[in-house]
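Q: Contents of data_36.pdb (PDB, C-alpha atoms) are below:
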```pdb
ATOM      1  CA  MET A 283     204.466  65.761  74.403
ATOM      2  CA  SER A 284     206.141  69.098  75.004
ATOM      3  CA  VAL A 285     208.034  69.638  78.237
ATOM      4  CA  GLU A 286     209.254  73.017  77.070
ATOM      5  CA  PRO A 287     208.411  76.151  79.036
ATOM      6  CA  LEU A 288     205.278  78.138  78.325
ATOM      7  CA  TRP A 289     205.549  81.661  76.921
ATOM      8  CA  GLU A 290     202.944  84.413  76.788
ATOM      9  CA  VAL A 291     202.826  86.337  73.535
ATOM     10  CA  PHE A 292     202.079  90.030  73.091
ATOM     11  CA  VAL A 293     201.646  91.551  69.645
ATOM     12  CA  ARG A 294     201.488  95.180  68.601
ATOM     13  CA  SER A 295     199.132  95.295  65.662
ATOM     14  CA  ARG A 296     200.413  98.608  64.327
ATOM     15  CA  ARG A 297     202.577 101.532  65.168
ATOM     16  CA  GLY A 298     201.173 103.676  67.962
ATOM     17  CA  LEU A 299     199.110 100.946  69.616
ATOM     18  CA  SER A 300     200.234  98.959  72.632
ATOM     19  CA  HIS A 301     201.227  95.338  72.667
ATOM     20  CA  THR A 302     198.214  93.156  73.403
ATOM     21  CA  HIS A 303     198.187  89.650  74.798
ATOM     22  CA  VAL A 304     197.247  87.250  72.008
ATOM     23  CA  GLY A 305     197.938  83.820  73.485
ATOM     24  CA  SER A 306     200.671  81.478  74.580
ATOM     25  CA  LEU A 307     202.970  78.818  73.173
ATOM     26  CA  HIS A 308     205.754  76.406  74.026
ATOM     27  CA  ALA A 309     209.399  76.967  73.124
ATOM     28  CA  PRO A 310     212.770  75.886  74.498
ATOM     29  CA  ASP A 311     214.112  79.430  74.869
ATOM     30  CA  ALA A 312     213.317  83.083  74.198
ATOM     31  CA  THR A 313     214.777  83.114  70.676
ATOM     32  CA  MET A 314     212.650  80.186  69.581
ATOM     33  CA  ALA A 315     209.621  81.572  71.406
ATOM     34  CA  LEU A 316     209.872  84.752  69.352
ATOM     35  CA  ARG A 317     210.114  82.782  66.135
ATOM     36  CA  ASN A 318     207.254  80.487  67.072
ATOM     37  CA  ALA A 319     205.177  83.543  67.925
ATOM     38  CA  ARG A 320     205.922  84.988  64.507
ATOM     39  CA  ASP A 321     204.747  81.781  62.885
ATOM     40  CA  VAL A 322     201.711  81.137  65.024
ATOM     41  CA  TYR A 323     200.352  84.619  65.709
ATOM     42  CA  THR A 324     201.425  86.946  62.873
ATOM     43  CA  ARG A 325     200.995  84.831  59.758
ATOM     44  CA  ARG A 326     198.061  86.944  58.610
ATOM     45  CA  GLN A 327     199.781  90.298  59.066
ATOM     46  CA  GLU A 328     198.502  90.722  62.594
ATOM     47  CA  GLY A 329     201.512  92.602  63.869
ATOM     48  CA  VAL A 330     204.591  94.764  63.533
ATOM     49  CA  SER A 331     206.208  93.874  66.852
ATOM     50  CA  ILE A 332     206.189  90.899  69.211
ATOM     51  CA  TRP A 333     207.047  90.460  72.891
ATOM     52  CA  VAL A 334     207.371  87.066  74.521
ATOM     53  CA  VAL A 335     207.464  86.619  78.281
ATOM     54  CA  ARG A 336     208.088  83.371  80.087
ATOM     55  CA  ALA A 337     204.752  82.556  81.724
ATOM     56  CA  SER A 338     206.473  81.669  84.983
ATOM     57  CA  ASP A 339     207.926  85.206  85.148
ATOM     58  CA  ILE A 340     204.499  86.769  85.328
ATOM     59  CA  THR A 341     203.243  87.649  88.785
ATOM     60  CA  ALA A 342     199.477  87.480  88.637
ATOM     61  CA  SER A 343     196.715  88.456  91.019
ATOM     62  CA  SER A 344     194.964  85.520  92.564
ATOM     63  CA  PRO A 345     191.247  84.781  92.264
ATOM     64  CA  ASP A 346     191.215  84.352  96.081
ATOM     65  CA  GLU A 347     192.129  88.008  96.494
ATOM     66  CA  LYS A 348     189.411  89.190  94.173
ATOM     67  CA  ASP A 349     187.309  90.775  96.919
ATOM     68  CA  GLU A 350     189.948  92.989  98.468
ATOM     69  CA  PHE A 351     191.626  93.749  95.126
ATOM     70  CA  PHE A 352     188.728  94.796  93.004
ATOM     71  CA  ASP A 353     185.500  95.209  94.968
ATOM     72  CA  PRO A 354     186.484  98.425  96.804
ATOM     73  CA  ALA A 355     186.621 100.274  93.445
ATOM     74  CA  GLY A 356     183.038  99.298  92.738
ATOM     75  CA  ASP A 357     181.242 102.093  94.596
ATOM     76  CA  LYS A 358     183.650 104.967  93.938
ATOM     77  CA  VAL A 359     181.865 106.595  91.032
ATOM     78  CA  TYR A 360     183.674 109.870  91.728
ATOM     79  CA  ARG A 361     186.816 108.277  90.280
ATOM     80  CA  HIS A 362     185.236 108.386  86.865
ATOM     81  CA  PRO A 363     185.534 111.717  85.061
ATOM     82  CA  THR A 364     181.790 111.843  84.517
ATOM     83  CA  PHE A 365     181.088 115.080  86.437
ATOM     84  CA  TYR A 366     182.812 117.443  84.072
ATOM     85  CA  GLN A 367     180.972 119.593  81.586
ATOM     86  CA  VAL A 368     182.525 119.148  78.180
ATOM     87  CA  PRO A 369     182.272 122.319  76.099
ATOM     88  CA  GLU A 370     180.553 121.787  72.806
ATOM     89  CA  GLY A 371     182.733 121.261  69.773
ATOM     90  CA  VAL A 372     185.748 119.852  71.610
ATOM     91  CA  GLU A 373     187.168 116.942  69.726
ATOM     92  CA  HIS A 374     189.603 114.180  70.608
ATOM     93  CA  LEU A 375     188.789 114.254  74.306
TER      94      LEU A 375
ATOM     95  CA  MET B 179     212.836  73.271  24.454
ATOM     96  CA  ASN B 180     213.769  76.917  24.859
ATOM     97  CA  ASP B 181     216.407  77.860  27.391
ATOM     98  CA  LEU B 182     214.357  80.228  29.492
ATOM     99  CA  PHE B 183     211.636  77.580  29.837
ATOM    100  CA  ALA B 184     214.153  74.922  30.831
ATOM    101  CA  TYR B 185     215.789  77.189  33.372
ATOM    102  CA  THR B 186     212.557  78.416  34.930
ATOM    103  CA  LEU B 187     211.369  74.824  35.153
ATOM    104  CA  ARG B 188     214.445  73.907  37.225
ATOM    105  CA  LEU B 189     213.711  76.653  39.725
ATOM    106  CA  GLY B 190     210.012  75.796  39.808
ATOM    107  CA  ASP B 191     210.546  72.061  40.225
ATOM    108  CA  ASP B 192     212.983  72.590  43.109
ATOM    109  CA  ALA B 193     210.406  74.719  44.895
ATOM    110  CA  LEU B 194     207.489  72.374  44.144
ATOM    111  CA  ILE B 195     209.172  69.181  45.301
ATOM    112  CA  ALA B 196     210.599  70.906  48.378
ATOM    113  CA  ALA B 197     207.104  72.192  49.202
ATOM    114  CA  GLN B 198     205.619  68.703  48.951
ATOM    115  CA  ARG B 199     208.204  67.261  51.343
ATOM    116  CA  THR B 200     207.822  70.149  53.784
ATOM    117  CA  ALA B 201     204.049  69.753  53.732
ATOM    118  CA  GLU B 202     204.432  66.108  54.771
ATOM    119  CA  TRP B 203     205.598  67.410  58.154
ATOM    120  CA  ILE B 204     202.276  69.042  58.919
ATOM    121  CA  ALA B 205     200.690  67.255  61.887
ATOM    122  CA  ALA B 206     203.903  65.224  62.317
ATOM    123  CA  ALA B 207     206.298  67.852  63.688
ATOM    124  CA  PRO B 208     207.614  67.525  67.250
ATOM    125  CA  GLN B 209     205.420  70.364  68.523
ATOM    126  CA  LEU B 210     202.333  72.254  67.418
ATOM    127  CA  GLU B 211     204.318  75.445  66.947
ATOM    128  CA  GLU B 212     206.655  73.649  64.549
ATOM    129  CA  ASP B 213     203.697  72.311  62.565
ATOM    130  CA  VAL B 214     202.629  75.868  61.913
ATOM    131  CA  ALA B 215     206.190  77.018  61.157
ATOM    132  CA  LEU B 216     206.725  74.229  58.627
ATOM    133  CA  GLY B 217     203.269  74.883  57.199
ATOM    134  CA  ASN B 218     204.277  78.488  56.584
ATOM    135  CA  ILE B 219     207.581  77.466  55.047
ATOM    136  CA  GLY B 220     205.967  74.856  52.794
ATOM    137  CA  LEU B 221     203.426  77.404  51.605
ATOM    138  CA  ASP B 222     206.214  79.885  50.840
ATOM    139  CA  GLN B 223     207.889  77.222  48.725
ATOM    140  CA  LEU B 224     204.617  76.342  47.031
ATOM    141  CA  GLY B 225     203.997  80.014  46.255
ATOM    142  CA  GLN B 226     207.398  80.235  44.597
ATOM    143  CA  ALA B 227     206.670  77.059  42.657
ATOM    144  CA  ARG B 228     203.362  78.407  41.397
ATOM    145  CA  SER B 229     204.829  81.687  40.160
ATOM    146  CA  LEU B 230     207.750  79.932  38.501
ATOM    147  CA  LEU B 231     205.747  77.144  36.860
ATOM    148  CA  GLN B 232     203.143  79.589  35.635
ATOM    149  CA  TYR B 233     205.902  81.650  34.056
ATOM    150  CA  ALA B 234     207.542  78.530  32.642
ATOM    151  CA  GLY B 235     204.240  77.681  30.950
ATOM    152  CA  GLU B 236     204.045  81.176  29.484
ATOM    153  CA  VAL B 237     207.550  81.219  28.046
ATOM    154  CA  GLU B 238     207.131  77.713  26.670
ATOM    155  CA  GLY B 239     204.189  78.966  24.650
ATOM    156  CA  ALA B 240     202.532  75.567  24.349
ATOM    157  CA  GLY B 241     199.514  76.497  26.428
ATOM    158  CA  ARG B 242     200.545  74.549  29.531
ATOM    159  CA  SER B 243     199.401  75.968  32.857
ATOM    160  CA  GLU B 244     201.158  75.663  36.232
ATOM    161  CA  ASP B 245     198.813  72.754  37.005
ATOM    162  CA  ASP B 246     199.659  70.984  33.739
ATOM    163  CA  LEU B 247     203.333  71.245  34.581
ATOM    164  CA  ALA B 248     202.919  70.143  38.189
ATOM    165  CA  TYR B 249     200.421  67.324  37.696
ATOM    166  CA  PHE B 250     200.856  65.984  34.190
ATOM    167  CA  ARG B 251     204.567  65.424  33.810
ATOM    168  CA  ASP B 252     206.252  62.139  34.643
ATOM    169  CA  GLU B 253     209.265  61.532  36.799
ATOM    170  CA  ARG B 254     211.864  61.807  34.029
ATOM    171  CA  GLU B 255     210.479  65.203  32.991
ATOM    172  CA  PHE B 256     211.100  66.703  36.420
ATOM    173  CA  VAL B 257     214.389  68.579  36.689
ATOM    174  CA  ASN B 258     214.548  69.250  40.437
ATOM    175  CA  LEU B 259     217.583  68.619  42.608
ATOM    176  CA  GLN B 260     217.708  65.180  44.175
ATOM    177  CA  LEU B 261     218.229  66.886  47.541
ATOM    178  CA  CYS B 262     214.628  68.140  47.386
ATOM    179  CA  GLU B 263     213.035  64.734  46.740
ATOM    180  CA  LEU B 264     214.734  62.613  49.402
ATOM    181  CA  PRO B 265     212.346  61.250  52.053
ATOM    182  CA  ASN B 266     211.957  63.344  55.177
ATOM    183  CA  GLY B 267     213.621  61.079  57.713
ATOM    184  CA  ASP B 268     213.728  62.475  61.236
ATOM    185  CA  PHE B 269     213.364  66.100  62.264
ATOM    186  CA  ALA B 270     217.133  66.653  62.200
ATOM    187  CA  SER B 271     217.134  65.606  58.534
ATOM    188  CA  ALA B 272     214.387  68.101  57.793
ATOM    189  CA  MET B 273     216.426  70.889  59.370
ATOM    190  CA  ALA B 274     219.655  69.828  57.664
ATOM    191  CA  ARG B 275     217.928  69.818  54.275
ATOM    192  CA  LEU B 276     216.289  73.166  54.958
ATOM    193  CA  LEU B 277     219.634  74.671  55.954
ATOM    194  CA  TYR B 278     221.356  73.362  52.825
ATOM    195  CA  PHE B 279     218.554  74.156  50.407
ATOM    196  CA  ALA B 280     217.322  77.490  51.762
ATOM    197  CA  THR B 281     220.862  78.875  51.987
ATOM    198  CA  TYR B 282     221.328  77.943  48.327
ATOM    199  CA  GLN B 283     217.984  79.503  47.391
ATOM    200  CA  GLN B 284     218.826  82.653  49.327
ATOM    201  CA  LEU B 285     222.076  83.180  47.416
ATOM    202  CA  LEU B 286     220.444  82.268  44.117
ATOM    203  CA  TYR B 287     217.400  84.525  44.478
ATOM    204  CA  ASP B 288     219.589  87.350  45.699
ATOM    205  CA  GLU B 289     221.506  87.238  42.393
ATOM    206  CA  LEU B 290     218.431  86.579  40.319
ATOM    207  CA  ARG B 291     216.541  89.624  41.519
ATOM    208  CA  SER B 292     218.841  91.872  39.528
ATOM    209  CA  CYS B 293     218.641  89.788  36.344
ATOM    210  CA  ALA B 294     217.319  91.217  33.092
ATOM    211  CA  ASP B 295     214.149  89.121  33.084
ATOM    212  CA  GLU B 296     211.510  91.162  34.898
ATOM    213  CA  THR B 297     209.336  88.231  35.951
ATOM    214  CA  LEU B 298     212.186  86.133  37.320
ATOM    215  CA  ALA B 299     213.598  89.187  39.076
ATOM    216  CA  GLY B 300     210.174  89.894  40.577
ATOM    217  CA  VAL B 301     209.654  86.352  41.842
ATOM    218  CA  ALA B 302     213.172  86.305  43.274
ATOM    219  CA  GLY B 303     212.729  89.683  44.958
ATOM    220  CA  LYS B 304     209.678  88.447  46.823
ATOM    221  CA  ALA B 305     211.091  85.009  47.598
ATOM    222  CA  VAL B 306     214.432  86.189  48.928
ATOM    223  CA  LYS B 307     212.798  87.479  52.117
ATOM    224  CA  GLU B 308     210.872  84.247  52.570
ATOM    225  CA  VAL B 309     213.925  82.039  52.229
ATOM    226  CA  ALA B 310     215.945  84.286  54.564
ATOM    227  CA  TYR B 311     213.457  83.259  57.231
ATOM    228  CA  HIS B 312     213.740  79.593  56.229
ATOM    229  CA  VAL B 313     217.510  79.815  56.675
ATOM    230  CA  ASP B 314     217.052  81.367  60.083
ATOM    231  CA  HIS B 315     214.553  78.715  61.164
ATOM    232  CA  ALA B 316     216.832  75.877  60.072
ATOM    233  CA  THR B 317     219.842  77.565  61.675
ATOM    234  CA  GLN B 318     218.115  77.891  65.037
ATOM    235  CA  TRP B 319     217.252  74.204  65.057
ATOM    236  CA  VAL B 320     220.614  72.949  63.813
ATOM    237  CA  LEU B 321     222.301  74.914  66.600
ATOM    238  CA  ARG B 322     219.961  73.573  69.251
ATOM    239  CA  LEU B 323     219.964  69.974  68.115
ATOM    240  CA  GLY B 324     223.711  69.938  67.507
ATOM    241  CA  ASP B 325     224.477  71.553  70.819
ATOM    242  CA  GLY B 326     221.651  69.831  72.682
ATOM    243  CA  THR B 327     221.607  66.363  74.180
ATOM    244  CA  GLU B 328     223.837  63.476  73.237
ATOM    245  CA  GLU B 329     220.997  61.949  71.212
ATOM    246  CA  SER B 330     220.074  65.167  69.403
ATOM    247  CA  HIS B 331     223.744  65.792  68.571
ATOM    248  CA  ARG B 332     224.096  62.285  67.177
ATOM    249  CA  ARG B 333     221.024  62.710  64.991
ATOM    250  CA  MET B 334     222.004  66.168  63.799
ATOM    251  CA  GLN B 335     225.443  64.946  62.808
ATOM    252  CA  ALA B 336     223.957  61.938  61.025
ATOM    253  CA  ALA B 337     221.548  64.152  59.091
ATOM    254  CA  LEU B 338     224.235  66.651  58.043
ATOM    255  CA  ASP B 339     226.427  63.778  56.883
ATOM    256  CA  ALA B 340     223.688  61.870  55.062
ATOM    257  CA  LEU B 341     222.553  64.846  52.982
ATOM    258  CA  TRP B 342     225.998  66.275  52.228
ATOM    259  CA  PRO B 343     226.521  64.020  49.149
ATOM    260  CA  TYR B 344     223.468  65.692  47.602
ATOM    261  CA  THR B 345     224.746  69.263  47.939
ATOM    262  CA  ALA B 346     227.235  69.490  45.059
ATOM    263  CA  GLU B 347     224.401  69.066  42.563
ATOM    264  CA  MET B 348     223.105  72.503  43.531
ATOM    265  CA  PHE B 349     226.267  74.122  42.205
ATOM    266  CA  SER B 350     226.957  72.121  39.095
ATOM    267  CA  SER B 351     227.193  74.363  36.071
ATOM    268  CA  ASP B 352     226.156  73.282  32.585
ATOM    269  CA  GLU B 353     225.735  74.643  29.064
ATOM    270  CA  LEU B 354     222.247  75.915  29.754
ATOM    271  CA  VAL B 355     223.165  78.265  32.602
ATOM    272  CA  GLN B 356     226.225  79.455  30.691
ATOM    273  CA  ARG B 357     224.271  80.088  27.500
ATOM    274  CA  LEU B 358     221.224  81.746  29.041
ATOM    275  CA  GLU B 359     222.065  85.322  29.947
ATOM    276  CA  VAL B 360     219.502  85.777  32.741
ATOM    277  CA  ALA B 361     220.499  82.531  34.474
ATOM    278  CA  VAL B 362     222.687  82.533  37.560
ATOM    279  CA  ASP B 363     225.601  80.149  37.167
ATOM    280  CA  PRO B 364     225.206  78.228  40.444
ATOM    281  CA  SER B 365     228.905  77.349  40.612
ATOM    282  CA  THR B 366     229.534  81.000  41.525
ATOM    283  CA  LEU B 367     227.475  80.539  44.707
ATOM    284  CA  GLN B 368     229.311  77.565  46.161
ATOM    285  CA  ASP B 369     232.052  79.311  48.139
ATOM    286  CA  GLU B 370     229.695  81.642  49.935
ATOM    287  CA  TRP B 371     227.246  78.783  50.533
ATOM    288  CA  GLU B 372     229.942  76.675  52.153
ATOM    289  CA  ARG B 373     231.090  79.584  54.256
ATOM    290  CA  ARG B 374     227.571  80.205  55.614
ATOM    291  CA  VAL B 375     226.544  76.586  56.094
ATOM    292  CA  LEU B 376     229.802  75.507  57.685
ATOM    293  CA  ALA B 377     229.690  78.469  60.085
ATOM    294  CA  VAL B 378     226.386  77.073  61.382
ATOM    295  CA  VAL B 379     227.752  73.531  61.483
ATOM    296  CA  ASP B 380     230.793  74.696  63.460
ATOM    297  CA  GLU B 381     228.707  76.635  65.936
ATOM    298  CA  SER B 382     226.387  73.653  66.405
ATOM    299  CA  THR B 383     229.406  71.645  67.659
ATOM    300  CA  CYS B 384     228.878  69.115  64.876
ATOM    301  CA  SER B 385     231.840  68.264  62.719
ATOM    302  CA  ARG B 386     232.007  69.326  59.083
ATOM    303  CA  PRO B 387     230.537  66.689  56.769
ATOM    304  CA  VAL B 388     232.824  65.215  54.168
ATOM    305  CA  SER B 389     232.031  62.946  51.275
ATOM    306  CA  SER B 390     234.086  61.343  48.578
ATOM    307  CA  TYR B 391     231.040  60.862  46.365
ATOM    308  CA  GLN B 392     228.446  63.367  45.163
ATOM    309  CA  HIS B 393     225.154  62.408  43.527
ATOM    310  CA  SER B 394     223.894  64.125  40.386
ATOM    311  CA  GLY B 395     221.318  63.696  37.654
ATOM    312  CA  GLY B 396     218.257  65.602  38.829
ATOM    313  CA  ARG B 397     218.730  68.398  36.299
ATOM    314  CA  SER B 398     218.580  65.900  33.474
ATOM    315  CA  GLY B 399     215.609  63.989  34.847
ATOM    316  CA  ARG B 400     217.504  61.179  36.541
ATOM    317  CA  HIS B 401     216.153  60.817  40.041
ATOM    318  CA  THR B 402     216.308  58.704  43.158
ATOM    319  CA  GLU B 403     213.724  55.958  43.546
ATOM    320  CA  HIS B 404     211.791  58.241  45.906
ATOM    321  CA  LEU B 405     210.519  60.804  43.422
ATOM    322  CA  GLY B 406     208.024  58.434  41.813
ATOM    323  CA  TYR B 407     206.222  57.840  45.099
ATOM    324  CA  LEU B 408     206.218  61.542  45.867
ATOM    325  CA  LEU B 409     204.679  62.328  42.476
ATOM    326  CA  ALA B 410     202.103  59.565  42.861
ATOM    327  CA  GLU B 411     200.782  61.288  45.961
ATOM    328  CA  LEU B 412     201.139  64.783  44.518
ATOM    329  CA  GLN B 413     199.454  63.982  41.206
ATOM    330  CA  TYR B 414     196.895  61.323  42.076
ATOM    331  CA  VAL B 415     193.804  63.490  42.450
ATOM    332  CA  ALA B 416     194.532  65.687  39.447
ATOM    333  CA  ARG B 417     195.100  62.648  37.223
ATOM    334  CA  SER B 418     192.096  60.692  38.493
ATOM    335  CA  HIS B 419     189.800  63.622  37.870
ATOM    336  CA  PRO B 420     191.376  65.618  35.053
ATOM    337  CA  GLY B 421     189.886  69.068  34.713
ATOM    338  CA  ALA B 422     188.071  68.835  38.047
ATOM    339  CA  THR B 423     187.456  72.152  39.784
ATOM    340  CA  TRP B 424     186.403  72.926  43.319
TER     341      TRP B 424
END
```
Show me this structure written as structure tokens.
A:
Amino acid sequence: MSVEPLWEVFVRSRRGLSHTHVGSLHAPDATMALRNARDVYTRRQEGVSIWVVRASDITASSPDEKDEFFDPAGDKVYRHPTFYQVPEGVEHL
Amino acid sequence: MNDLFAYTLRLGDDALIAAQRTAEWIAAAPQLEEDVALGNIGLDQLGQARSLLQYAGEVEGAGRSEDDLAYFRDEREFVNLQLCELPNGDFASAMARLLYFATYQQLLYDELRSCADETLAGVAGKAVKEVAYHVDHATQWVLRLGDGTEESHRRMQAALDALWPYTAEMFSSDELVQRLEVAVDPSTLQDEWERRVLAVVDESTCSRPVSSYQHSGGRSGRHTEHLGYLLAELQYVARSHPGATW
């Protein structure tokens, strides 16, 4: 029945990680969206921080543009750092 | 009946009956998100009820468990506030009740967490954060409904008015709370409660409720006609199949 705007919810699961999209919900305004997000998406200790963004404020790439957006990267293997020799014993690389 | 048992039972019964009414909203709230929010709030209240009734059973020393106290007492043995047992009504009523009751619980638990009884202080310390969120949730809705459409304002005002005559009972002092050292005398909470609740009412553009009559009786087992039906639903399974486990 809801005619309220749709909000996308991003949750940071713990300090040091980035916010990750977890889903969406309806709410009349940003304050309520944040509270709804707390209730719907963090009730099992999933997060320490929440962002909500009005879905209509997101500018998204279109499936129609898929070819020119993403295909050209497909055959450029030299963009991957796979040609470096990693010295033995180096950690956290 | 020892004083600590009687006092703990009051706190536990308030939480239990409030939890049952809140749970009735699940799958009936105006939006899915609110179903989940009220589910969370009801479970917070039920968690408080369980801890309190379990402790009440312990201090009574008659071998009664939390389940015995919740499922095998009759209406007149319940000592909850009448505010908690009233039927849900519309969503504005639910938010008005939550604002009134959770603000009271917040002030009460805040005092209780520094009381000399370790268990009560522990339960209150955990619950005070839960009820702070309940207050916030109710506040957000009272503001939006009060300052919303003409219809939502009308309903919010009606709900605030209808439940106001059940608020004085929360603060009525009696011999028990004066005699029992760990108890919080609820009359000491009333001024701050009014200040907080009326600040929300003012901001919501509703007018302050007034009432020349205030109901009472819950603390001595005298209830509205609604509690019996609530208990029938709450207790039916446990009484039909006593001792059943699953």
Q: Sort by chain and increasing residue number a table of all residues of chain A within 8 Å of chain B, each with its closest pair of atoms and their distance in Å to one decimal, counting only C-alpha atoms, and write it as a tab-separated table.
A:
```
residue	atom	partner	partner_atom	distance
A:Met283	CA	B:Gln209	CA	7.5
A:Ser284	CA	B:Gln209	CA	6.6
A:Leu307	CA	B:Glu211	CA	7.2
A:His308	CA	B:Glu211	CA	7.3
A:Met314	CA	B:Gln318	CA	7.5
A:Arg317	CA	B:His315	CA	7.8
A:Asn318	CA	B:Glu211	CA	5.8
A:Asp321	CA	B:Ala215	CA	5.3
A:Val322	CA	B:Val214	CA	6.2
A:Arg325	CA	B:Asn218	CA	7.8
```
Q: Could you name the residues that touch Glu347 (chain B) at 10 Å or less, counting all atoms listed in the file, but leaving out those on the same chain fewer than 3 positions away, as a PyMOL selection string?
A: chain B and resi 259-261+343-344+350-351+364-365+392-397
Q: Report, in Å with one decimal, the straight-line distance from CA of Asp369 (chain B) to CA of Ser385 (chain B).
A: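 The value is 18.3 Å.
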Q: I'd like to know which of A:Glu370, A:Pro345, A:His303, A:Val291 is closest to Ala315 (chain A), using all atoms listed in the file.
A: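 The shortest atom-to-atom distance to Ala315 (chain A) comes from A:Val291.
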Q: Show me as a PyMOL selection string the residues that reach within 12 Å of (201.9, 81.0, 49.9), counting only C-alpha atoms and using the file's own coordinates.
A: (chain A and resi 325-326) or (chain B and resi 193-194+197+217-229+304-305+308)
Q: In Å, with one decimal, what is the gap from CA of Ile195 (chain B) to CA of Gly324 (chain B)?
A: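 Here the two named atoms are 26.6 Å from each other.
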Q: Leaving out Arg297 (chain A) and any residue of its chain fewer than 4 positions from it, which residues lie within 12 Å of it when counting all atoms listed in the file, given as a PyMOL selection string?
A: chain A and resi 293+301+328-332
Q: Record the distance separating CA of Gly235 (chain B) and CA of Tyr282 (chain B), expressed in Å with one decimal.
A: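 CA of Tyr282 (chain B) lies 24.4 Å from CA of Gly235 (chain B).
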Q: Counting all atoms listed in the file, select every polymer residue within 9 Å of (205.0, 85.3, 76.5) as defined in the file's coordinates, and provide the selection as a list of chain:residue names.
A: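 Returned residue set, sorted by chain then number, is A:Leu288, A:Trp289, A:Glu290, A:Val291, A:Phe292, A:His303, A:Gly305, A:Ser306, A:Leu307, A:Ala312, A:Ala315, A:Leu316, A:Ala319, A:Trp333, A:Val334, A:Val335, A:Arg336, A:Ala337, A:Ile340.
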Q: Evaluate the PyMOL selection byres ((chain B and resi 232) around 9) here and jot the selected residues down as a list in words.
A: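 Matching residues under the PyMOL selection byres ((chain B and resi 232) around 9) are Gly190, Ala227, Arg228, Ser229, Leu230, Leu231, Tyr233, Ala234, Gly235, Glu236, Val237, Arg242, Ser243, Glu244, Asp245 and Leu247 of chain B.
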Q: Here is a test: counting only C-alpha atoms, which residue of B:Gly399, B:Arg373, B:Ala272, B:Leu182 is nearest to Ala201 (chain B)?
A: B:Ala272
Q: Here's the selection I'm unsure about, the PyMOL selection byres ((chain B and resi 330) around 12); applied to the file above, which residues does it give, as an mmCIF file with C-alpha atoms, keeping the file's coordinate frame?
A:
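Listing of selection_35.cif after writing:
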```
data_model
loop_
_atom_site.group_PDB
_atom_site.id
_atom_site.type_symbol
_atom_site.label_atom_id
_atom_site.label_comp_id
_atom_site.auth_asym_id
_atom_site.auth_seq_id
_atom_site.Cartn_x
_atom_site.Cartn_y
_atom_site.Cartn_z
ATOM 1 C CA ASP B 268 213.728 62.475 61.236
ATOM 2 C CA PHE B 269 213.364 66.100 62.264
ATOM 3 C CA ALA B 270 217.133 66.653 62.200
ATOM 4 C CA SER B 271 217.134 65.606 58.534
ATOM 5 C CA TRP B 319 217.252 74.204 65.057
ATOM 6 C CA VAL B 320 220.614 72.949 63.813
ATOM 7 C CA LEU B 321 222.301 74.914 66.600
ATOM 8 C CA ARG B 322 219.961 73.573 69.251
ATOM 9 C CA LEU B 323 219.964 69.974 68.115
ATOM 10 C CA GLY B 324 223.711 69.938 67.507
ATOM 11 C CA ASP B 325 224.477 71.553 70.819
ATOM 12 C CA GLY B 326 221.651 69.831 72.682
ATOM 13 C CA THR B 327 221.607 66.363 74.180
ATOM 14 C CA GLU B 328 223.837 63.476 73.237
ATOM 15 C CA GLU B 329 220.997 61.949 71.212
ATOM 16 C CA HIS B 331 223.744 65.792 68.571
ATOM 17 C CA ARG B 332 224.096 62.285 67.177
ATOM 18 C CA ARG B 333 221.024 62.710 64.991
ATOM 19 C CA MET B 334 222.004 66.168 63.799
ATOM 20 C CA GLN B 335 225.443 64.946 62.808
ATOM 21 C CA ALA B 336 223.957 61.938 61.025
ATOM 22 C CA ALA B 337 221.548 64.152 59.091
ATOM 23 C CA SER B 382 226.387 73.653 66.405
ATOM 24 C CA THR B 383 229.406 71.645 67.659
ATOM 25 C CA CYS B 384 228.878 69.115 64.876
#
```
Q: Exactly which residues make up the result of the PyMOL selection byres ((chain B and resi 402) around 8) on this file, given as a list in words?
A: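 With the PyMOL selection byres ((chain B and resi 402) around 8) on this model, the match is Gln260, Glu263, Leu264, Arg400, His401, Glu403, His404 and Leu405 of chain B.
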Q: Take every atom of region 337-340 of chain A listed in the file, pad by 5 Å on each side, and give me the axis-aligned box centre and edge lengths in Å, one decimal, as AutoDock Vina command-line options.
A:
```
--center_x 206.2 --center_y 84.2 --center_z 83.5 --size_x 13.4 --size_y 15.1 --size_z 13.6
```
